[in-house]
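Remarks on the structure that follows.
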Amino acid sequence: MTAILSVSDLHVHLGESHILQGVSFDVPDGGVTALLGRNGVGKTTTLRALMGLVDRRGRVELAGESIQAAATYRIVQRGVGYVPEDRDVFAGLTVAENLRLAERDGEPRYELVYELFPELRQRAKQRAGTLSGGQQQMVAIARALLNENRVLLVDEPTKGLAPLLVTEVARVLERVSELTTVLLVEQNLGVVARVARDVVVLDTGRVVHIGPAKELLADTSMVNRMLGVA
Amino acid sequence: MPALPVPERKMSTLILLTITGLGLGAMYFLIASGLSLIYGLMGVLNFAHGAFLTVGAYGAWFAESKLTAVSVLPRFLLAALVGLAVGAVFAALVELVLIRPLYKRHIEQVLVTVGLALAVSALVVAIWGNDARPFVAPSWLGETTSVAGAHIPNDRWVEIATAVVVLVALNAFLRRTRYGLIIRAGVENRAMVTALGIDVRRAFMLVFAIGGVAAAIAGVLSGVYFGTVDPARGTSLLIFAFIVVVIGGLGSLRGTAVSAVVVGLVQQYANYYASSGLGDLSVVLLLGIVLLARPGGLSAKLA
Ligand SMILES: Nc1ncnc2c1ncn2[C@@H]1O[C@H](COP(=O)(O)OP(=O)(O)OP(=O)(O)O)[C@@H](O)[C@H]1O
Ligand SMILES: [Mg+2]
């Protein structure tokens, strides 16, 4: 299977700390690859490094072309979408403006977005800062889906959501994964089990496991050891 | 003209002070709006903003001195246009040449802008001397209009009207255009704007150019107000513009407008009713009070 995204020996320093210490993994084309690990091991930093949002060293290839030296906006223009951990919707802009800002070259896929999130159509004129956390998450995902991407980096989309919304987000992720490859950071193993085909597990800045999601999730002792959950 | 009875005289003085204060506030707004946008979007404290005013004012003055064949009004308007263009181009170049290479290095940016401010006034002094140079404006601007017994110099109306037009235009630009959208979003979260595939640096240059035009307008209007252009005016107005920006909330256009009006009025009233010279002090006091009550300024968001 070809890799759409190939990461090797990725290093990130933040302040005095060596946060990523040579992270290497491939994201195969199609489907969802989950990036797992305990709190603070560097999952968010990995995604931010791939997006060029932090200084990084190492090799990153998107469909065989190197992007590790590119500016963030160029990485996005080459087809990498990003849904950040804390959503980062523009609070002072309306929902419609948040989406309009995300429009790139090519026809924006409003039909797809409104089919997945009909609520956003009704709330088009509402300021994003006044939306609930779940609604803000929809805006953040919708923003990334508006354009055709080769790979979508999604950071803990279910964080802080009520169980019903978690299911809803999982359903959206399933649908999205039919359209683009997804690299998903996710703590909720139920969601991982439902959507992910492969997993990459990080521990303190290093990859400690790569394999099929089913295999990892079936092995309780391995899950405990690597993710520290009961 | 017979002297007015005391209550009317008090009233007409108040009106004159108010209109003059608004005119001063208008000037502050023209300088502060650019400062505020630049800080809000880029995190740059632009100490060279007074130099934009100076460059615009001298650009207009220089053009005026070359356009002697033209009659006063078209000459003034043409010269003003030249001043605005010079202000815009100069500001855009400053962004491109001095600010951009120092992206995110805020201390260096401050040093560079301070250095540029000093260099521009030194250069202007070297070329045209330390003295104020007379700036010719249509004579109507020097005449007065009576409002309820107060004789208001006409240039005050022009200052106020110009600032209102700039405010409305800037607001429309921010609300209705794609670049406006990018700037409003960038003031909130610049990194996320780039993470949507947008090269936010183009907006940086635009914001500088807009700030340069607005400051140059203030330069031309202050030329009309004082009847001269002079090398130190940019710096002295810039100090108050900074206070206006801090009171108004960095990055907020509406906050800047409100704060400019308040500062202009307070300064005028205090100078007259307390004692001349207390105007500046009262503005600093006002700054202290606002910062204690609302550390983020009057408004924390871009309006
Ligand atoms: N700006 C910074 N300066 C220094 N250390 C930082 C900085 N940002 C993050 N870190 C540290 O880097 C490490 C990795 O953080 P990161 O956010 O990538 O973890 P994470 O795996 O996403 O955690 P979580 O599951 O809690 O979201 C943490 O120990 C964090 O404290
Ligand atoms: Mg994280």
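Residues in the structure tokens are numbered from 1 in each chain, the chains being A, B, ... in the order shown, and ligands are numbered from 1 in the order shown.
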Taking only C-alpha atoms and all ligand atoms into account, produce a table as a tab-separated table in which each residue of chain A with an atom at most 7 Å from an atom of ligand 1 appears once, together with its shortest atom pair and the distance in Å to one decimal, ordered by chain and rising number.
residue	atom	partner	partner_atom_place_in_ligand_line	distance
A:Leu14	CA	ligand 1	3 (N)	4.4
A:Gly15	CA	ligand 1	3 (N)	4.9
A:Glu16	CA	ligand 1	4 (C)	6.8
A:Ser17	CA	ligand 1	4 (C)	6.0
A:Ile19	CA	ligand 1	12 (O)	5.3
A:Gly37	CA	ligand 1	21 (O)	6.3
A:Arg38	CA	ligand 1	25 (O)	5.8
A:Asn39	CA	ligand 1	25 (O)	3.5
A:Gly40	CA	ligand 1	19 (O)	3.4
A:Val41	CA	ligand 1	21 (O)	4.1
A:Gly42	CA	ligand 1	18 (O)	3.1
A:Lys43	CA	ligand 1	21 (O)	3.7
A:Thr44	CA	ligand 1	22 (O)	3.6
A:Thr45	CA	ligand 1	18 (O)	3.6
A:Thr46	CA	ligand 1	18 (O)	6.4
Q.
Using only C-alpha atoms, which protein or nucleic acid residues come within 6 Å of region 42-56 of chain B? Drop anything in the same chain fewer than 2 positions from it, and give the result as a list in words.
A. Ile38, Tyr39, Gly40, Tyr58, Gly59, Gly83, Leu84, Val86, Gly87, Thr113, Val114, Leu116, Ala117, Gly212, Ala215, Ala216, Gly219, Gly234, Thr235 and Leu238 of chain B
Would you put the residues from that selection into a file with N, CA and C atoms, as a compact mmCIF listing (two decimals), in the first residue's frame?
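Result saved to selection_20.txt:
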# COMPACT_ATOMS: atom_id res chain seq x y z
N ILE B 38 -2.39 47.27 12.80
CA ILE B 38 -1.07 46.66 12.65
C ILE B 38 -0.74 45.85 13.89
N TYR B 39 -1.00 46.44 15.06
CA TYR B 39 -0.70 45.67 16.26
C TYR B 39 -1.61 44.45 16.36
N GLY B 40 -2.90 44.66 16.10
CA GLY B 40 -3.85 43.56 16.24
C GLY B 40 -3.51 42.39 15.33
N TYR B 58 4.95 65.89 4.28
CA TYR B 58 5.99 66.52 3.45
C TYR B 58 5.79 66.18 1.98
N GLY B 59 5.27 65.00 1.69
CA GLY B 59 4.96 64.65 0.31
C GLY B 59 3.95 65.64 -0.26
N GLY B 83 0.48 63.19 -1.24
CA GLY B 83 0.86 62.86 0.14
C GLY B 83 0.35 61.49 0.54
N LEU B 84 -0.90 61.19 0.22
CA LEU B 84 -1.47 59.89 0.60
C LEU B 84 -0.76 58.75 -0.12
N VAL B 86 2.29 58.77 -1.29
CA VAL B 86 3.63 58.64 -0.71
C VAL B 86 3.55 57.89 0.63
N GLY B 87 2.57 58.26 1.44
CA GLY B 87 2.40 57.58 2.74
C GLY B 87 2.16 56.08 2.55
N THR B 113 11.68 50.07 14.14
CA THR B 113 10.70 51.14 13.89
C THR B 113 11.11 52.42 14.63
N VAL B 114 11.65 52.28 15.83
CA VAL B 114 12.14 53.47 16.54
C VAL B 114 13.27 54.11 15.73
N LEU B 116 13.83 53.91 12.57
CA LEU B 116 13.31 54.52 11.35
C LEU B 116 12.65 55.87 11.66
N ALA B 117 11.92 55.93 12.77
CA ALA B 117 11.28 57.19 13.14
C ALA B 117 12.33 58.28 13.32
N GLY B 212 -0.57 53.59 6.47
CA GLY B 212 0.22 54.68 5.89
C GLY B 212 -0.67 55.75 5.28
N ALA B 215 -2.45 57.66 8.14
CA ALA B 215 -1.52 58.56 8.82
C ALA B 215 -1.18 59.75 7.93
N ALA B 216 -1.05 59.50 6.62
CA ALA B 216 -0.76 60.60 5.70
C ALA B 216 -1.93 61.58 5.65
N GLY B 219 -1.52 63.63 8.41
CA GLY B 219 -0.42 64.56 8.15
C GLY B 219 -0.89 65.78 7.37
N GLY B 234 4.87 64.47 13.73
CA GLY B 234 4.52 63.06 13.70
C GLY B 234 4.75 62.40 15.04
N THR B 235 5.92 62.66 15.60
CA THR B 235 6.25 62.03 16.88
C THR B 235 5.34 62.50 18.00
N LEU B 238 2.00 60.96 17.65
CA LEU B 238 2.05 59.50 17.78
C LEU B 238 1.89 59.06 19.24
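The part of chain A that reaches within 6 Å of chain B is made up of Thr72, Tyr73, Val76, Gln77 and Ala102 of chain A, counting only C-alpha atoms.
Residues within 6 Å of Arg197 (chain A), counting only C-alpha atoms and excluding same-chain residues fewer than 4 positions away, are Val32, Thr33, Pro212 and Ala213 of chain A.
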Would you put the residues from that selection into a file with N, CA, C and O atoms, as a PDB file, in the first residue's frame?
ATOM      1  N   VAL A  32      -8.672   5.661   7.840  1.00  0.00           N
ATOM      2  CA  VAL A  32      -8.283   6.442   9.012  1.00  0.00           C
ATOM      3  C   VAL A  32      -7.121   5.768   9.711  1.00  0.00           C
ATOM      4  O   VAL A  32      -7.178   4.577  10.024  1.00  0.00           O
ATOM      5  N   THR A  33      -6.059   6.533   9.937  1.00  0.00           N
ATOM      6  CA  THR A  33      -4.972   6.073  10.788  1.00  0.00           C
ATOM      7  C   THR A  33      -5.073   6.851  12.091  1.00  0.00           C
ATOM      8  O   THR A  33      -5.163   8.077  12.068  1.00  0.00           O
ATOM      9  N   PRO A 212      -2.301  -2.769  12.867  1.00  0.00           N
ATOM     10  CA  PRO A 212      -3.742  -2.658  12.640  1.00  0.00           C
ATOM     11  C   PRO A 212      -4.459  -2.300  13.942  1.00  0.00           C
ATOM     12  O   PRO A 212      -4.067  -2.750  15.019  1.00  0.00           O
ATOM     13  N   ALA A 213      -5.488  -1.475  13.838  1.00  0.00           N
ATOM     14  CA  ALA A 213      -6.223  -1.034  15.023  1.00  0.00           C
ATOM     15  C   ALA A 213      -6.830  -2.216  15.771  1.00  0.00           C
ATOM     16  O   ALA A 213      -6.768  -2.291  17.002  1.00  0.00           O
TER      17      ALA A 213
END
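Nearest to Asp55 (chain A) of all the residues A:Val154, A:Val27, A:Val12, A:Val80 is A:Val12, counting only C-alpha atoms.
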So that I can check the surroundings of Leu265 (chain B), please list as a PDB file with C-alpha atoms, in the first residue's frame every protein, DNA and RNA residue that reaches within 10 Å of it, counting only C-alpha atoms and ignoring chain neighbours fewer than 6 positions away.
ATOM      1  CA  LEU B  17     -14.003  73.218  22.599  1.00  0.00           C
ATOM      2  CA  THR B  18     -16.158  70.238  21.721  1.00  0.00           C
ATOM      3  CA  ILE B  19     -15.814  70.648  17.977  1.00  0.00           C
ATOM      4  CA  THR B  20     -12.090  71.285  18.290  1.00  0.00           C
ATOM      5  CA  GLY B  21     -11.775  68.264  20.572  1.00  0.00           C
ATOM      6  CA  LEU B  22     -13.620  66.168  18.020  1.00  0.00           C
ATOM      7  CA  GLY B  23     -11.281  67.486  15.315  1.00  0.00           C
ATOM      8  CA  LEU B  24      -8.305  66.504  17.417  1.00  0.00           C
ATOM      9  CA  GLY B  25      -9.920  63.131  18.108  1.00  0.00           C
ATOM     10  CA  SER B 259     -11.236  56.280  22.525  1.00  0.00           C
ATOM     11  CA  ASN B 271      -6.628  72.526  28.764  1.00  0.00           C
ATOM     12  CA  GLY B 279      -4.698  68.415  28.861  1.00  0.00           C
ATOM     13  CA  VAL B 283      -5.015  62.051  29.037  1.00  0.00           C
TER      14      VAL B 283
END
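Counting from CA of Lys10 (chain B), the distance to CA of Ile160 (chain B) is 22.8 Å.
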Q: Compile the contact shell of Thr94 (chain A) as a list in words: residues with an atom at most 8 Å away, counting only C-alpha atoms, same-chain residues fewer than 4 positions apart removed.
A: Phe90, Asn98, Ala124, Lys125, Gln126, Arg127 and Ala128 of chain A
Suppose we keep C-alpha atoms; can you now write the selection as a compact mmCIF listing (two decimals), in the first residue's frame?
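File out.txt, as written:
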# COMPACT_ATOMS: atom_id res chain seq x y z
CA PHE A 90 -12.76 32.51 14.79
CA ASN A 98 -15.55 31.05 9.15
CA ALA A 124 -24.82 30.79 9.33
CA LYS A 125 -25.20 34.28 10.77
CA GLN A 126 -24.37 33.37 14.37
CA ARG A 127 -21.00 34.39 15.75
CA ALA A 128 -18.86 31.30 16.14
In region 5-197 of chain A, DSSP strand (DSSP E or B) residues written as a CSV table (one decimal) with N, CA, C and O atoms, in the first residue's frame:
chain,number,residue,atom,x,y,z
A,5,LEU,N,1.2,10.0,3.3
A,5,LEU,CA,2.0,10.9,4.2
A,5,LEU,C,3.1,10.0,4.8
A,5,LEU,O,2.8,8.9,5.3
A,6,SER,N,4.3,10.5,4.6
A,6,SER,CA,5.4,9.7,5.2
A,6,SER,C,6.3,10.5,6.0
A,6,SER,O,6.8,11.6,5.6
A,7,VAL,N,6.4,10.1,7.3
A,7,VAL,CA,7.1,11.0,8.3
A,7,VAL,C,8.4,10.2,8.7
A,7,VAL,O,8.2,9.0,9.1
A,8,SER,N,9.5,10.8,8.6
A,8,SER,CA,10.7,10.1,9.2
A,8,SER,C,11.6,11.0,10.0
A,8,SER,O,11.9,12.1,9.6
A,9,ASP,N,11.9,10.5,11.2
A,9,ASP,CA,12.9,11.1,12.1
A,9,ASP,C,12.5,12.6,12.3
A,9,ASP,O,13.4,13.5,12.2
A,10,LEU,N,11.3,12.8,12.7
A,10,LEU,CA,10.8,14.1,13.0
A,10,LEU,C,11.2,14.5,14.4
A,10,LEU,O,10.9,13.8,15.4
A,11,HIS,N,11.9,15.7,14.5
A,11,HIS,CA,12.3,16.2,15.8
A,11,HIS,C,11.6,17.6,16.0
A,11,HIS,O,11.6,18.4,15.1
A,12,VAL,N,11.2,17.8,17.2
A,12,VAL,CA,10.7,19.2,17.6
A,12,VAL,C,11.2,19.6,19.0
A,12,VAL,O,11.1,18.7,19.9
A,13,HIS,N,11.7,20.8,19.1
A,13,HIS,CA,12.1,21.3,20.4
A,13,HIS,C,11.1,22.4,20.7
A,13,HIS,O,10.9,23.3,19.9
A,14,LEU,N,10.6,22.4,21.9
A,14,LEU,CA,9.8,23.6,22.3
A,14,LEU,C,10.4,24.1,23.6
A,14,LEU,O,10.5,23.4,24.6
A,17,SER,N,12.6,21.9,25.9
A,17,SER,CA,12.3,20.5,25.9
A,17,SER,C,12.4,19.9,24.5
A,17,SER,O,12.0,20.5,23.5
A,18,HIS,N,12.9,18.7,24.4
A,18,HIS,CA,13.0,17.9,23.2
A,18,HIS,C,11.7,17.1,23.1
A,18,HIS,O,11.6,16.0,23.6
A,19,ILE,N,10.7,17.7,22.5
A,19,ILE,CA,9.3,17.1,22.5
A,19,ILE,C,9.2,15.9,21.6
A,19,ILE,O,8.8,14.8,22.0
A,20,LEU,N,9.5,16.0,20.3
A,20,LEU,CA,9.5,14.9,19.4
A,20,LEU,C,10.9,14.5,19.2
A,20,LEU,O,11.8,15.2,18.8
A,21,GLN,N,11.2,13.2,19.5
A,21,GLN,CA,12.6,12.7,19.4
A,21,GLN,C,12.8,11.7,18.3
A,21,GLN,O,13.1,10.5,18.6
A,22,GLY,N,12.5,12.1,17.1
A,22,GLY,CA,12.6,11.2,16.0
A,22,GLY,C,11.4,10.3,15.7
A,22,GLY,O,11.5,9.1,15.8
A,23,VAL,N,10.3,11.0,15.4
A,23,VAL,CA,9.1,10.2,15.1
A,23,VAL,C,9.0,9.8,13.7
A,23,VAL,O,9.3,10.6,12.8
A,24,SER,N,8.8,8.5,13.4
A,24,SER,CA,8.7,8.0,12.0
A,24,SER,C,7.4,7.2,11.9
A,24,SER,O,7.2,6.3,12.7
A,25,PHE,N,6.6,7.4,10.9
A,25,PHE,CA,5.5,6.5,10.6
A,25,PHE,C,5.0,6.9,9.2
A,25,PHE,O,5.3,8.0,8.7
A,26,ASP,N,4.2,6.0,8.6
A,26,ASP,CA,3.5,6.3,7.4
A,26,ASP,C,2.0,6.3,7.6
A,26,ASP,O,1.5,5.6,8.4
A,27,VAL,N,1.4,7.1,6.8
A,27,VAL,CA,-0.1,7.1,6.8
A,27,VAL,C,-0.5,6.6,5.4
A,27,VAL,O,-0.2,7.2,4.4
A,28,PRO,N,-1.0,5.3,5.4
A,28,PRO,CA,-1.4,4.8,4.1
A,28,PRO,C,-2.5,5.5,3.5
A,28,PRO,O,-3.3,6.1,4.2
A,32,VAL,N,-8.7,5.7,7.8
A,32,VAL,CA,-8.3,6.4,9.0
A,32,VAL,C,-7.1,5.8,9.7
A,32,VAL,O,-7.2,4.6,10.0
A,33,THR,N,-6.1,6.5,9.9
A,33,THR,CA,-5.0,6.1,10.8
A,33,THR,C,-5.1,6.9,12.1
A,33,THR,O,-5.2,8.1,12.1
A,34,ALA,N,-5.1,6.1,13.2
A,34,ALA,CA,-5.2,6.8,14.5
A,34,ALA,C,-3.8,7.0,15.1
A,34,ALA,O,-3.0,6.1,15.1
A,35,LEU,N,-3.6,8.2,15.6
A,35,LEU,CA,-2.4,8.5,16.3
A,35,LEU,C,-2.7,8.5,17.8
A,35,LEU,O,-3.5,9.4,18.3
A,36,LEU,N,-2.2,7.6,18.6
A,36,LEU,CA,-2.6,7.4,20.0
A,36,LEU,C,-1.5,7.6,20.9
A,36,LEU,O,-0.3,7.7,20.5
A,57,ARG,N,12.5,19.4,12.5
A,57,ARG,CA,13.6,18.8,11.7
A,57,ARG,C,13.1,17.4,11.3
A,57,ARG,O,12.4,16.8,12.1
A,58,GLY,N,13.6,16.9,10.2
A,58,GLY,CA,13.2,15.6,9.8
A,58,GLY,C,12.6,15.6,8.4
A,58,GLY,O,12.7,16.6,7.7
A,59,ARG,N,12.1,14.5,7.9
A,59,ARG,CA,11.5,14.4,6.6
A,59,ARG,C,10.0,14.2,6.7
A,59,ARG,O,9.6,13.3,7.4
A,60,VAL,N,9.3,15.0,5.9
A,60,VAL,CA,7.9,14.7,5.7
A,60,VAL,C,7.6,14.8,4.3
A,60,VAL,O,7.9,15.7,3.6
A,61,GLU,N,6.9,13.7,3.8
A,61,GLU,CA,6.6,13.7,2.4
A,61,GLU,C,5.1,13.5,2.2
A,61,GLU,O,4.5,12.6,2.8
A,62,LEU,N,4.6,14.3,1.3
A,62,LEU,CA,3.1,14.2,1.0
A,62,LEU,C,3.1,13.6,-0.4
A,62,LEU,O,3.5,14.3,-1.4
A,65,GLU,N,6.3,13.9,-2.3
A,65,GLU,CA,7.0,15.2,-2.4
A,65,GLU,C,7.2,15.8,-1.0
A,65,GLU,O,6.4,15.7,-0.1
A,66,SER,N,8.4,16.3,-0.8
A,66,SER,CA,8.8,16.8,0.5
A,66,SER,C,8.1,18.0,0.9
A,66,SER,O,8.0,19.0,0.1
A,80,VAL,N,-3.4,19.4,2.5
A,80,VAL,CA,-3.4,18.9,3.9
A,80,VAL,C,-4.4,19.8,4.7
A,80,VAL,O,-4.2,21.0,4.9
A,81,GLY,N,-5.5,19.2,5.1
A,81,GLY,CA,-6.5,19.9,6.0
A,81,GLY,C,-6.2,19.7,7.4
A,81,GLY,O,-5.6,18.7,7.8
A,82,TYR,N,-6.6,20.6,8.3
A,82,TYR,CA,-6.2,20.6,9.7
A,82,TYR,C,-7.4,21.0,10.5
A,82,TYR,O,-8.0,22.0,10.3
A,83,VAL,N,-7.8,20.1,11.5
A,83,VAL,CA,-8.8,20.4,12.5
A,83,VAL,C,-8.1,20.4,13.8
A,83,VAL,O,-7.8,19.3,14.4
A,94,THR,N,-18.8,35.2,11.9
A,94,THR,CA,-20.0,34.3,11.9
A,94,THR,C,-19.6,32.9,11.4
A,94,THR,O,-18.5,32.7,10.9
A,127,ARG,N,-22.4,34.3,15.5
A,127,ARG,CA,-21.0,34.4,15.8
A,127,ARG,C,-20.5,33.1,16.3
A,127,ARG,O,-21.1,32.5,17.2
A,151,VAL,N,-5.1,14.6,2.6
A,151,VAL,CA,-5.1,14.0,3.9
A,151,VAL,C,-5.6,15.1,4.9
A,151,VAL,O,-5.3,16.3,4.7
A,152,LEU,N,-6.3,14.6,5.9
A,152,LEU,CA,-6.9,15.5,6.9
A,152,LEU,C,-6.3,15.1,8.2
A,152,LEU,O,-6.3,14.0,8.6
A,153,LEU,N,-5.8,16.1,8.9
A,153,LEU,CA,-5.2,15.9,10.3
A,153,LEU,C,-6.3,16.4,11.3
A,153,LEU,O,-6.6,17.6,11.3
A,154,VAL,N,-6.8,15.5,12.1
A,154,VAL,CA,-7.9,15.8,13.0
A,154,VAL,C,-7.4,15.5,14.4
A,154,VAL,O,-7.1,14.4,14.7
A,155,ASP,N,-7.4,16.5,15.3
A,155,ASP,CA,-6.9,16.4,16.6
A,155,ASP,C,-8.0,16.3,17.7
A,155,ASP,O,-8.7,17.4,17.9
A,181,THR,N,-8.1,10.5,3.1
A,181,THR,CA,-7.3,9.9,4.1
A,181,THR,C,-7.4,10.8,5.4
A,181,THR,O,-7.3,12.0,5.3
A,182,VAL,N,-7.5,10.1,6.5
A,182,VAL,CA,-7.5,10.9,7.8
A,182,VAL,C,-6.4,10.4,8.7
A,182,VAL,O,-6.2,9.2,8.9
A,183,LEU,N,-5.7,11.3,9.3
A,183,LEU,CA,-4.8,11.0,10.4
A,183,LEU,C,-5.5,11.6,11.7
A,183,LEU,O,-5.6,12.8,11.8
A,184,LEU,N,-5.9,10.7,12.6
A,184,LEU,CA,-6.8,11.1,13.6
A,184,LEU,C,-6.1,10.9,15.0
A,184,LEU,O,-5.7,9.8,15.3
A,185,VAL,N,-6.1,12.0,15.8
A,185,VAL,CA,-5.7,11.8,17.2
A,185,VAL,C,-6.9,11.7,18.0
A,185,VAL,O,-7.9,12.5,17.8
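Distance annotation: of B:Leu170, B:Leu291, B:Ala132, B:Ile15, the residue with the minimal separation from Ser146 (chain B) is B:Ile15; atom set is only C-alpha atoms.
Between CA of Pro153 (chain B) and CA of Ile31 (chain B) there is a distance of 21.7 Å.
CA of Gly211 (chain A) lies 15.5 Å from CA of Arg225 (chain A).
If only C-alpha atoms are the atoms counted, then among A:Val223, A:Val139, A:Ala49, A:Leu146 the closest residue to His209 (chain A) is A:Val223.
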Q) Could you pull out the helix (DSSP H, G or I) residues of region 48-161 of chain A from DSSP and send them as a VMD selection string? A) chain A and resid 48 to 50 72 to 77 95 to 102 110 to 116 118 to 122 128 to 130 133 to 145
Q: Excluding Val290 (chain B) and any residue of its chain fewer than 3 positions from it, enumerate the residues within 12 Å of it, using only C-alpha atoms, and give them as a PyMOL selection string.
A: chain B and resi 243-249+259+262-263+283-287+293-299
Given the selection you just returned, output its residues as a file containing N, CA and C atoms, formatted as a PDB file, in the first residue's frame.
ATOM      1  N   ILE B 243      -1.670  56.178  23.079  1.00  0.00           N
ATOM      2  CA  ILE B 243      -2.549  56.161  24.249  1.00  0.00           C
ATOM      3  C   ILE B 243      -3.975  55.815  23.816  1.00  0.00           C
ATOM      4  N   VAL B 244      -4.395  56.418  22.696  1.00  0.00           N
ATOM      5  CA  VAL B 244      -5.730  56.124  22.165  1.00  0.00           C
ATOM      6  C   VAL B 244      -5.881  54.632  21.882  1.00  0.00           C
ATOM      7  N   VAL B 245      -4.859  54.053  21.274  1.00  0.00           N
ATOM      8  CA  VAL B 245      -4.930  52.636  20.914  1.00  0.00           C
ATOM      9  C   VAL B 245      -5.017  51.769  22.166  1.00  0.00           C
ATOM     10  N   VAL B 246      -4.226  52.089  23.161  1.00  0.00           N
ATOM     11  CA  VAL B 246      -4.224  51.269  24.369  1.00  0.00           C
ATOM     12  C   VAL B 246      -5.561  51.392  25.099  1.00  0.00           C
ATOM     13  N   ILE B 247      -6.080  52.618  25.170  1.00  0.00           N
ATOM     14  CA  ILE B 247      -7.377  52.801  25.822  1.00  0.00           C
ATOM     15  C   ILE B 247      -8.463  52.071  25.040  1.00  0.00           C
ATOM     16  N   GLY B 248      -8.398  52.148  23.721  1.00  0.00           N
ATOM     17  CA  GLY B 248      -9.447  51.562  22.885  1.00  0.00           C
ATOM     18  C   GLY B 248      -9.405  50.056  22.815  1.00  0.00           C
ATOM     19  N   GLY B 249      -8.304  49.451  23.214  1.00  0.00           N
ATOM     20  CA  GLY B 249      -8.183  48.003  23.082  1.00  0.00           C
ATOM     21  C   GLY B 249      -7.454  47.701  21.790  1.00  0.00           C
ATOM     22  N   SER B 259     -12.304  55.800  21.675  1.00  0.00           N
ATOM     23  CA  SER B 259     -11.236  56.280  22.525  1.00  0.00           C
ATOM     24  C   SER B 259     -10.592  57.549  21.958  1.00  0.00           C
ATOM     25  N   VAL B 262     -12.848  60.413  22.913  1.00  0.00           N
ATOM     26  CA  VAL B 262     -12.755  60.697  24.350  1.00  0.00           C
ATOM     27  C   VAL B 262     -11.447  61.426  24.657  1.00  0.00           C
ATOM     28  N   VAL B 263     -10.349  60.931  24.111  1.00  0.00           N
ATOM     29  CA  VAL B 263      -9.051  61.544  24.400  1.00  0.00           C
ATOM     30  C   VAL B 263      -9.000  62.981  23.861  1.00  0.00           C
ATOM     31  N   VAL B 283      -4.930  63.206  29.934  1.00  0.00           N
ATOM     32  CA  VAL B 283      -5.015  62.051  29.037  1.00  0.00           C
ATOM     33  C   VAL B 283      -4.255  60.863  29.634  1.00  0.00           C
ATOM     34  N   VAL B 284      -3.119  61.144  30.217  1.00  0.00           N
ATOM     35  CA  VAL B 284      -2.346  60.071  30.838  1.00  0.00           C
ATOM     36  C   VAL B 284      -3.109  59.497  32.035  1.00  0.00           C
ATOM     37  N   LEU B 285      -3.743  60.394  32.792  1.00  0.00           N
ATOM     38  CA  LEU B 285      -4.576  59.938  33.914  1.00  0.00           C
ATOM     39  C   LEU B 285      -5.698  59.026  33.420  1.00  0.00           C
ATOM     40  N   LEU B 286      -6.334  59.490  32.341  1.00  0.00           N
ATOM     41  CA  LEU B 286      -7.422  58.704  31.753  1.00  0.00           C
ATOM     42  C   LEU B 286      -6.928  57.302  31.375  1.00  0.00           C
ATOM     43  N   LEU B 287      -5.747  57.267  30.777  1.00  0.00           N
ATOM     44  CA  LEU B 287      -5.154  55.985  30.404  1.00  0.00           C
ATOM     45  C   LEU B 287      -5.016  55.091  31.629  1.00  0.00           C
ATOM     46  N   ALA B 293      -9.347  49.809  35.330  1.00  0.00           N
ATOM     47  CA  ALA B 293     -10.722  49.298  35.326  1.00  0.00           C
ATOM     48  C   ALA B 293     -10.881  48.173  34.310  1.00  0.00           C
ATOM     49  N   ARG B 294     -10.263  48.338  33.139  1.00  0.00           N
ATOM     50  CA  ARG B 294     -10.396  47.332  32.081  1.00  0.00           C
ATOM     51  C   ARG B 294      -9.053  47.119  31.422  1.00  0.00           C
ATOM     52  N   PRO B 295      -8.280  46.177  31.953  1.00  0.00           N
ATOM     53  CA  PRO B 295      -6.908  45.985  31.473  1.00  0.00           C
ATOM     54  C   PRO B 295      -6.795  45.742  29.970  1.00  0.00           C
ATOM     55  N   GLY B 296      -7.835  45.245  29.333  1.00  0.00           N
ATOM     56  CA  GLY B 296      -7.754  45.010  27.889  1.00  0.00           C
ATOM     57  C   GLY B 296      -8.146  46.214  27.059  1.00  0.00           C
ATOM     58  N   GLY B 297      -8.390  47.346  27.713  1.00  0.00           N
ATOM     59  CA  GLY B 297      -8.890  48.502  26.988  1.00  0.00           C
ATOM     60  C   GLY B 297     -10.408  48.457  26.907  1.00  0.00           C
ATOM     61  N   LEU B 298     -10.988  49.492  26.269  1.00  0.00           N
ATOM     62  CA  LEU B 298     -12.451  49.578  26.226  1.00  0.00           C
ATOM     63  C   LEU B 298     -13.057  48.370  25.539  1.00  0.00           C
ATOM     64  N   SER B 299     -12.377  47.861  24.523  1.00  0.00           N
ATOM     65  CA  SER B 299     -12.916  46.732  23.784  1.00  0.00           C
ATOM     66  C   SER B 299     -11.785  45.772  23.494  1.00  0.00           C
TER      67      SER B 299
END
Q) With distances taken over only C-alpha atoms and all ligand atoms, which of A:Asp105, A:Glu97, A:Asp219, A:Asp86 is nearest to ligand 2? A) A:Asp86
(Q) Which residue is closest to ligand 2? Choose from A:Arg87, A:Val208, A:Thr180, A:Arg104 and count only C-alpha atoms and all ligand atoms. (A) A:Arg87
